[in-house]
Amino acid sequence: MWTVYILRCCDGTRYVGCTGNLEERLKRHFRKEVHYTSSRLPVEVITTIQFTDKYKAFAFEKYLKSGSGIAFMNKRLV
């Protein structure tokens with residue numbers, strides 16, 4: 001399973017990511033190994049979406065980072 005996830009950072013910004021192992025990826029965020037979130041801890045998981053297809057998951061992550069994807073995320077997912 002592949003997971004697209006949305007985090008809320010302590011400064012109010014959001015981080016969108018995609019991973020095959022959510023638990024390990026979140027550990028990397030909390031250990032300050034992810035550049036964007038390292039200075040914005042603590043973070044909170046807002047939404048997770050599961051995919052069986054890796055390519056669909058990465059395509060959805062890319063969409064959520066686009067202009068219309070940000071609007072969709074703000075209206076429907078957070």
# chains A, B, ... in the order shown; residues from 1 in each chain; ligands from 1

$ residues_around --residues "Arg31 (chain A)" --least-positions-apart "4" --cutoff "12 Å" --atoms "only C-alpha atoms" --output "number ranges by chain"
A: 24-27, 35, 37-43

$ residues_around --residues "Ile6 (chain A)" --least-positions-apart "5" --cutoff "7 Å" --atoms "only C-alpha atoms" --output "PyMOL selection string"
chain A and resi 14-17+45-48

$ select_by_dssp --residues "chain A" --states "helix (DSSP H, G or I)" --output "ChimeraX atom specification"
/A:22-30,35-38,54-64,67-77

$ closest_residue --among "A:Gln50, A:His29, A:Val4, A:Leu77" --to "Lys62 (chain A)" --atoms "only C-alpha atoms"
A:Val4

$ atom_distance --atom1 "CA of Lys65 (chain A)" --atom2 "CA of Glu33 (chain A)"
20.9 Å

$ closest_residue --among "A:Thr3, A:Ser68, A:Thr52, A:Asn74" --to "Thr19 (chain A)" --atoms "only C-alpha atoms"
A:Thr3

$ select_by_dssp --residues "chain A" --states "strand (DSSP E or B)" --output "PyMOL selection string"
chain A and resi 2-9+14-19+43-51

$ write_last_selection --atoms "N, CA and C atoms" --output "CSV table (one decimal), in the first residue's frame"
chain,number,residue,atom,x,y,z
A,2,TRP,N,0.4,2.2,-0.7
A,2,TRP,CA,1.1,3.5,-0.8
A,2,TRP,C,0.2,4.6,-0.1
A,3,THR,N,0.7,5.5,0.6
A,3,THR,CA,0.0,6.5,1.4
A,3,THR,C,0.4,7.9,1.0
A,4,VAL,N,-0.6,8.7,0.6
A,4,VAL,CA,-0.5,10.1,0.5
A,4,VAL,C,-0.9,10.7,1.8
A,5,TYR,N,-0.1,11.6,2.4
A,5,TYR,CA,-0.5,12.1,3.7
A,5,TYR,C,-0.3,13.6,3.7
A,6,ILE,N,-1.1,14.2,4.6
A,6,ILE,CA,-1.0,15.7,4.8
A,6,ILE,C,-0.7,16.0,6.2
A,7,LEU,N,0.3,16.8,6.5
A,7,LEU,CA,0.7,17.1,7.8
A,7,LEU,C,0.4,18.6,8.0
A,8,ARG,N,0.0,19.0,9.2
A,8,ARG,CA,-0.1,20.4,9.6
A,8,ARG,C,1.1,20.7,10.5
A,9,CYS,N,1.9,21.7,10.1
A,9,CYS,CA,3.1,22.1,10.8
A,9,CYS,C,2.7,23.1,11.9
A,14,ARG,N,1.2,23.5,5.6
A,14,ARG,CA,0.9,22.0,5.4
A,14,ARG,C,2.0,21.4,4.5
A,15,TYR,N,2.2,20.1,4.8
A,15,TYR,CA,3.2,19.3,4.1
A,15,TYR,C,2.5,18.2,3.5
A,16,VAL,N,2.6,17.9,2.2
A,16,VAL,CA,2.0,16.8,1.5
A,16,VAL,C,3.1,15.8,1.1
A,17,GLY,N,3.0,14.6,1.4
A,17,GLY,CA,4.0,13.6,1.0
A,17,GLY,C,3.4,12.3,0.6
A,18,CYS,N,4.2,11.4,0.1
A,18,CYS,CA,3.8,10.1,-0.4
A,18,CYS,C,4.8,9.1,0.1
A,19,THR,N,4.4,7.9,0.6
A,19,THR,CA,5.3,6.9,1.1
A,19,THR,C,4.7,5.5,1.0
A,43,VAL,N,4.6,18.3,14.2
A,43,VAL,CA,3.6,18.2,13.1
A,43,VAL,C,2.5,17.3,13.5
A,44,GLU,N,1.4,17.5,12.8
A,44,GLU,CA,0.2,16.7,13.1
A,44,GLU,C,-0.3,16.1,11.8
A,45,VAL,N,-0.6,14.8,11.8
A,45,VAL,CA,-1.2,14.2,10.7
A,45,VAL,C,-2.7,14.6,10.5
A,46,ILE,N,-3.0,15.2,9.4
A,46,ILE,CA,-4.4,15.6,9.2
A,46,ILE,C,-5.2,14.6,8.4
A,47,THR,N,-4.6,14.1,7.3
A,47,THR,CA,-5.3,13.2,6.4
A,47,THR,C,-4.3,12.2,5.8
A,48,THR,N,-4.8,10.9,5.7
A,48,THR,CA,-4.1,9.9,4.9
A,48,THR,C,-5.0,9.3,3.9
A,49,ILE,N,-4.5,9.0,2.7
A,49,ILE,CA,-5.2,8.4,1.7
A,49,ILE,C,-4.4,7.2,1.2
A,50,GLN,N,-5.0,6.0,1.1
A,50,GLN,CA,-4.3,4.8,0.8
A,50,GLN,C,-4.5,4.5,-0.7
A,51,PHE,N,-3.5,4.0,-1.4
A,51,PHE,CA,-3.5,3.6,-2.8
A,51,PHE,C,-2.9,2.2,-2.9
